[in-house]
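The file data-v2.txt contains compact mmCIF, N, CA and C atoms:
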# COMPACT_ATOMS: atom_id res chain seq x y z
N MET V 1 57.22 17.02 17.27
CA MET V 1 57.94 16.56 16.11
C MET V 1 57.52 15.14 15.74
N ASP V 2 57.16 14.35 16.75
CA ASP V 2 56.72 12.98 16.47
C ASP V 2 55.44 12.97 15.63
N TYR V 3 54.59 13.98 15.82
CA TYR V 3 53.36 14.07 15.05
C TYR V 3 53.67 14.23 13.56
N VAL V 4 54.64 15.07 13.23
CA VAL V 4 55.01 15.29 11.83
C VAL V 4 55.61 14.02 11.25
N LYS V 5 56.44 13.33 12.03
CA LYS V 5 57.02 12.07 11.56
C LYS V 5 55.94 11.04 11.29
N ALA V 6 54.96 10.95 12.19
CA ALA V 6 53.87 9.99 12.01
C ALA V 6 53.00 10.36 10.81
N LEU V 7 52.80 11.65 10.59
CA LEU V 7 51.97 12.09 9.47
C LEU V 7 52.59 11.71 8.13
N PHE V 8 53.91 11.76 8.03
CA PHE V 8 54.58 11.44 6.78
C PHE V 8 55.14 10.02 6.74
N SER V 9 54.72 9.19 7.66
CA SER V 9 55.09 7.78 7.61
C SER V 9 54.10 7.05 6.71
N VAL V 10 54.32 5.79 6.51
CA VAL V 10 53.42 4.99 5.68
C VAL V 10 52.02 4.95 6.30
N LYS V 11 51.96 4.80 7.60
CA LYS V 11 50.67 4.77 8.29
C LYS V 11 49.93 6.10 8.13
N GLY V 12 50.64 7.21 8.25
CA GLY V 12 50.03 8.52 8.09
C GLY V 12 49.50 8.73 6.68
N LEU V 13 50.26 8.31 5.69
CA LEU V 13 49.82 8.46 4.31
C LEU V 13 48.61 7.59 4.01
N VAL V 14 48.55 6.41 4.60
CA VAL V 14 47.37 5.55 4.43
C VAL V 14 46.14 6.22 5.03
N ILE V 15 46.29 6.84 6.19
CA ILE V 15 45.16 7.53 6.82
C ILE V 15 44.71 8.71 5.97
N VAL V 16 45.65 9.47 5.42
CA VAL V 16 45.31 10.61 4.58
C VAL V 16 44.58 10.14 3.32
N VAL V 17 45.06 9.09 2.68
CA VAL V 17 44.40 8.56 1.48
C VAL V 17 43.01 8.06 1.82
N TYR V 18 42.85 7.37 2.96
CA TYR V 18 41.56 6.87 3.40
C TYR V 18 40.55 8.01 3.56
N ILE V 19 40.97 9.10 4.20
CA ILE V 19 40.08 10.24 4.41
C ILE V 19 39.77 10.94 3.09
N LEU V 20 40.76 11.07 2.21
CA LEU V 20 40.51 11.71 0.92
C LEU V 20 39.53 10.91 0.07
N ILE V 21 39.62 9.60 0.10
CA ILE V 21 38.64 8.77 -0.61
C ILE V 21 37.25 9.02 -0.05
N GLY V 22 37.13 9.07 1.27
CA GLY V 22 35.84 9.36 1.89
C GLY V 22 35.29 10.71 1.50
N VAL V 23 36.16 11.72 1.40
CA VAL V 23 35.70 13.06 1.01
C VAL V 23 35.21 13.05 -0.43
N PHE V 24 35.97 12.43 -1.33
CA PHE V 24 35.58 12.44 -2.74
C PHE V 24 34.36 11.57 -3.01
N LEU V 25 34.14 10.55 -2.21
CA LEU V 25 32.93 9.73 -2.38
C LEU V 25 31.69 10.43 -1.84
N ASN V 26 31.84 11.38 -0.93
CA ASN V 26 30.70 12.00 -0.26
C ASN V 26 30.50 13.46 -0.60
N THR V 27 31.10 13.96 -1.67
CA THR V 27 30.93 15.37 -2.00
C THR V 27 30.00 15.59 -3.18
N ALA V 28 29.26 14.57 -3.58
CA ALA V 28 28.25 14.76 -4.62
C ALA V 28 27.16 15.66 -4.06
N SER V 29 26.41 16.29 -4.93
CA SER V 29 25.45 17.30 -4.50
C SER V 29 24.44 16.84 -3.46
N PRO V 30 23.90 15.63 -3.50
CA PRO V 30 22.95 15.30 -2.44
C PRO V 30 23.60 15.03 -1.08
N HIS V 31 24.91 14.84 -1.05
CA HIS V 31 25.58 14.46 0.19
C HIS V 31 26.20 15.63 0.93
N LEU V 32 26.60 16.68 0.21
CA LEU V 32 27.25 17.81 0.86
C LEU V 32 26.20 18.66 1.58
N PRO V 33 26.31 18.82 2.90
CA PRO V 33 25.30 19.57 3.66
C PRO V 33 25.31 21.06 3.31
N HIS V 34 24.19 21.70 3.55
CA HIS V 34 24.07 23.14 3.35
C HIS V 34 24.69 23.86 4.53
N ALA V 35 25.19 25.05 4.27
CA ALA V 35 25.76 25.86 5.34
C ALA V 35 24.65 26.55 6.11
N GLY V 36 24.83 26.69 7.38
CA GLY V 36 23.84 27.36 8.21
C GLY V 36 24.21 27.23 9.66
N LEU V 37 23.60 28.04 10.48
CA LEU V 37 23.87 28.00 11.90
C LEU V 37 22.63 27.57 12.67
N ASN V 38 22.18 26.35 12.40
CA ASN V 38 21.05 25.81 13.14
C ASN V 38 21.31 24.34 13.45
N VAL V 39 20.43 23.74 14.20
CA VAL V 39 20.63 22.35 14.64
C VAL V 39 20.57 21.39 13.46
N ALA V 40 19.69 21.65 12.51
CA ALA V 40 19.58 20.76 11.35
C ALA V 40 20.86 20.76 10.53
N ALA V 41 21.48 21.92 10.34
CA ALA V 41 22.73 21.99 9.60
C ALA V 41 23.85 21.28 10.36
N LEU V 42 23.90 21.45 11.67
CA LEU V 42 24.91 20.77 12.48
C LEU V 42 24.74 19.26 12.37
N HIS V 43 23.51 18.80 12.44
CA HIS V 43 23.22 17.38 12.32
C HIS V 43 23.67 16.86 10.96
N SER V 44 23.44 17.62 9.90
CA SER V 44 23.85 17.21 8.56
C SER V 44 25.36 17.12 8.45
N TRP V 45 26.06 18.09 9.04
CA TRP V 45 27.52 18.05 8.99
C TRP V 45 28.08 16.88 9.79
N VAL V 46 27.47 16.56 10.91
CA VAL V 46 27.91 15.39 11.70
C VAL V 46 27.72 14.12 10.88
N GLN V 47 26.57 14.00 10.22
CA GLN V 47 26.34 12.83 9.37
C GLN V 47 27.35 12.78 8.23
N TYR V 48 27.69 13.93 7.67
CA TYR V 48 28.66 14.00 6.58
C TYR V 48 30.02 13.48 7.04
N PHE V 49 30.49 13.94 8.21
CA PHE V 49 31.79 13.49 8.68
C PHE V 49 31.77 12.01 9.07
N ILE V 50 30.67 11.52 9.57
CA ILE V 50 30.56 10.08 9.85
C ILE V 50 30.65 9.30 8.55
N SER V 51 29.99 9.79 7.50
CA SER V 51 30.04 9.08 6.23
C SER V 51 31.44 9.11 5.62
N ILE V 52 32.22 10.15 5.91
CA ILE V 52 33.61 10.19 5.42
C ILE V 52 34.43 9.10 6.10
N PHE V 53 34.28 8.96 7.41
CA PHE V 53 35.11 8.00 8.13
C PHE V 53 34.65 6.56 7.96
N PHE V 54 33.38 6.34 7.63
CA PHE V 54 32.87 4.98 7.46
C PHE V 54 32.48 4.70 6.02
N TRP V 55 33.19 5.31 5.03
CA TRP V 55 32.84 5.16 3.63
C TRP V 55 32.90 3.72 3.13
N PRO V 56 33.72 2.82 3.65
CA PRO V 56 33.68 1.45 3.12
C PRO V 56 32.33 0.78 3.32
N LEU V 57 31.55 1.23 4.30
CA LEU V 57 30.22 0.64 4.50
C LEU V 57 29.26 0.98 3.37
N SER V 58 29.60 1.99 2.54
CA SER V 58 28.72 2.34 1.42
C SER V 58 28.71 1.26 0.35
N PHE V 59 29.69 0.36 0.36
CA PHE V 59 29.72 -0.73 -0.61
C PHE V 59 28.87 -1.91 -0.17
N TRP V 60 28.40 -1.90 1.09
CA TRP V 60 27.62 -3.02 1.61
C TRP V 60 26.16 -2.76 1.32
N HIS V 61 25.56 -3.64 0.54
CA HIS V 61 24.14 -3.53 0.20
C HIS V 61 23.45 -4.85 0.59
N PRO V 62 22.99 -4.94 1.83
CA PRO V 62 22.37 -6.19 2.26
C PRO V 62 21.04 -6.42 1.53
N THR V 63 20.76 -7.67 1.30
CA THR V 63 19.51 -8.03 0.65
C THR V 63 18.61 -8.67 1.69
N PHE V 64 17.51 -8.03 1.97
CA PHE V 64 16.56 -8.55 2.93
C PHE V 64 15.36 -9.10 2.17
N THR V 65 14.94 -10.28 2.54
CA THR V 65 13.78 -10.87 1.89
C THR V 65 12.73 -11.17 2.94
N VAL V 66 11.49 -11.17 2.54
CA VAL V 66 10.40 -11.52 3.44
C VAL V 66 9.75 -12.82 3.00
N GLY V 67 10.49 -13.55 2.16
CA GLY V 67 9.95 -14.81 1.66
C GLY V 67 10.01 -15.91 2.70
N LYS V 68 9.54 -17.07 2.32
CA LYS V 68 9.54 -18.22 3.23
C LYS V 68 10.92 -18.87 3.21
N TRP V 69 11.18 -19.66 4.28
CA TRP V 69 12.43 -20.41 4.33
C TRP V 69 12.41 -21.46 3.25
N PRO V 70 13.58 -21.85 2.76
CA PRO V 70 13.63 -22.89 1.72
C PRO V 70 13.04 -24.21 2.25
N ALA V 71 12.50 -24.99 1.33
CA ALA V 71 11.92 -26.28 1.71
C ALA V 71 12.99 -27.18 2.30
N GLY V 72 12.65 -27.88 3.34
CA GLY V 72 13.57 -28.80 3.97
C GLY V 72 14.43 -28.18 5.06
N SER V 73 14.32 -26.90 5.30
CA SER V 73 15.13 -26.31 6.36
C SER V 73 14.45 -26.57 7.71
N SER V 74 15.25 -26.65 8.73
CA SER V 74 14.72 -26.99 10.05
C SER V 74 14.46 -25.75 10.90
N PHE V 75 14.45 -24.59 10.32
CA PHE V 75 14.24 -23.37 11.11
C PHE V 75 12.79 -23.10 11.33
What would the structure in this file look like if it were written as structure tokens?
Amino acid sequence: MDYVKALFSVKGLVIVVYILIGVFLNTASPHLPHAGLNVAALHSWVQYFISIFFWPLSFWHPTFTVGKWPAGSSF
């Protein structure tokens, strides 16, 4: 019974909304894995579920440069 109480508490609703956002962000055609019973399909589904749980990282776009350090830096 405690599980049901936790599910409908504020914390439970936040978790449900978090997962639903991850599902809707990752269900575009290139992201949804194909169905099948092989290792490649299993790997794709594992990646899909990881992307659902770590969807906030999709907003992070690091900029890597191979340029020189700015003039005057001591590095």
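Atom CA of V:Ile21 lies 25.6 Å from atom C of V:Gly36.
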Residues within 8 Å of V:Tyr18, all atoms listed in the file, excluding chain neighbours under 5 positions, as a PyMOL selection string: chain V and resi 12-13+23+52-53+55
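As for atom N of V:Ala40 and atom C of V:Trp60, they are spaced 27.6 Å apart.
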Mind giving me the axis-aligned box for stretch 12-26 of chain V with 8 Å on every side, centre plus edges in Å to one decimal, as JSON?
{"center_x": 40.6, "center_y": 9.5, "center_z": 2.6, "size_x": 36.1, "size_y": 23.9, "size_z": 27.3}
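Relative to atom CA of V:Phe49, atom C of V:Ala35 is found at 15.1 Å.
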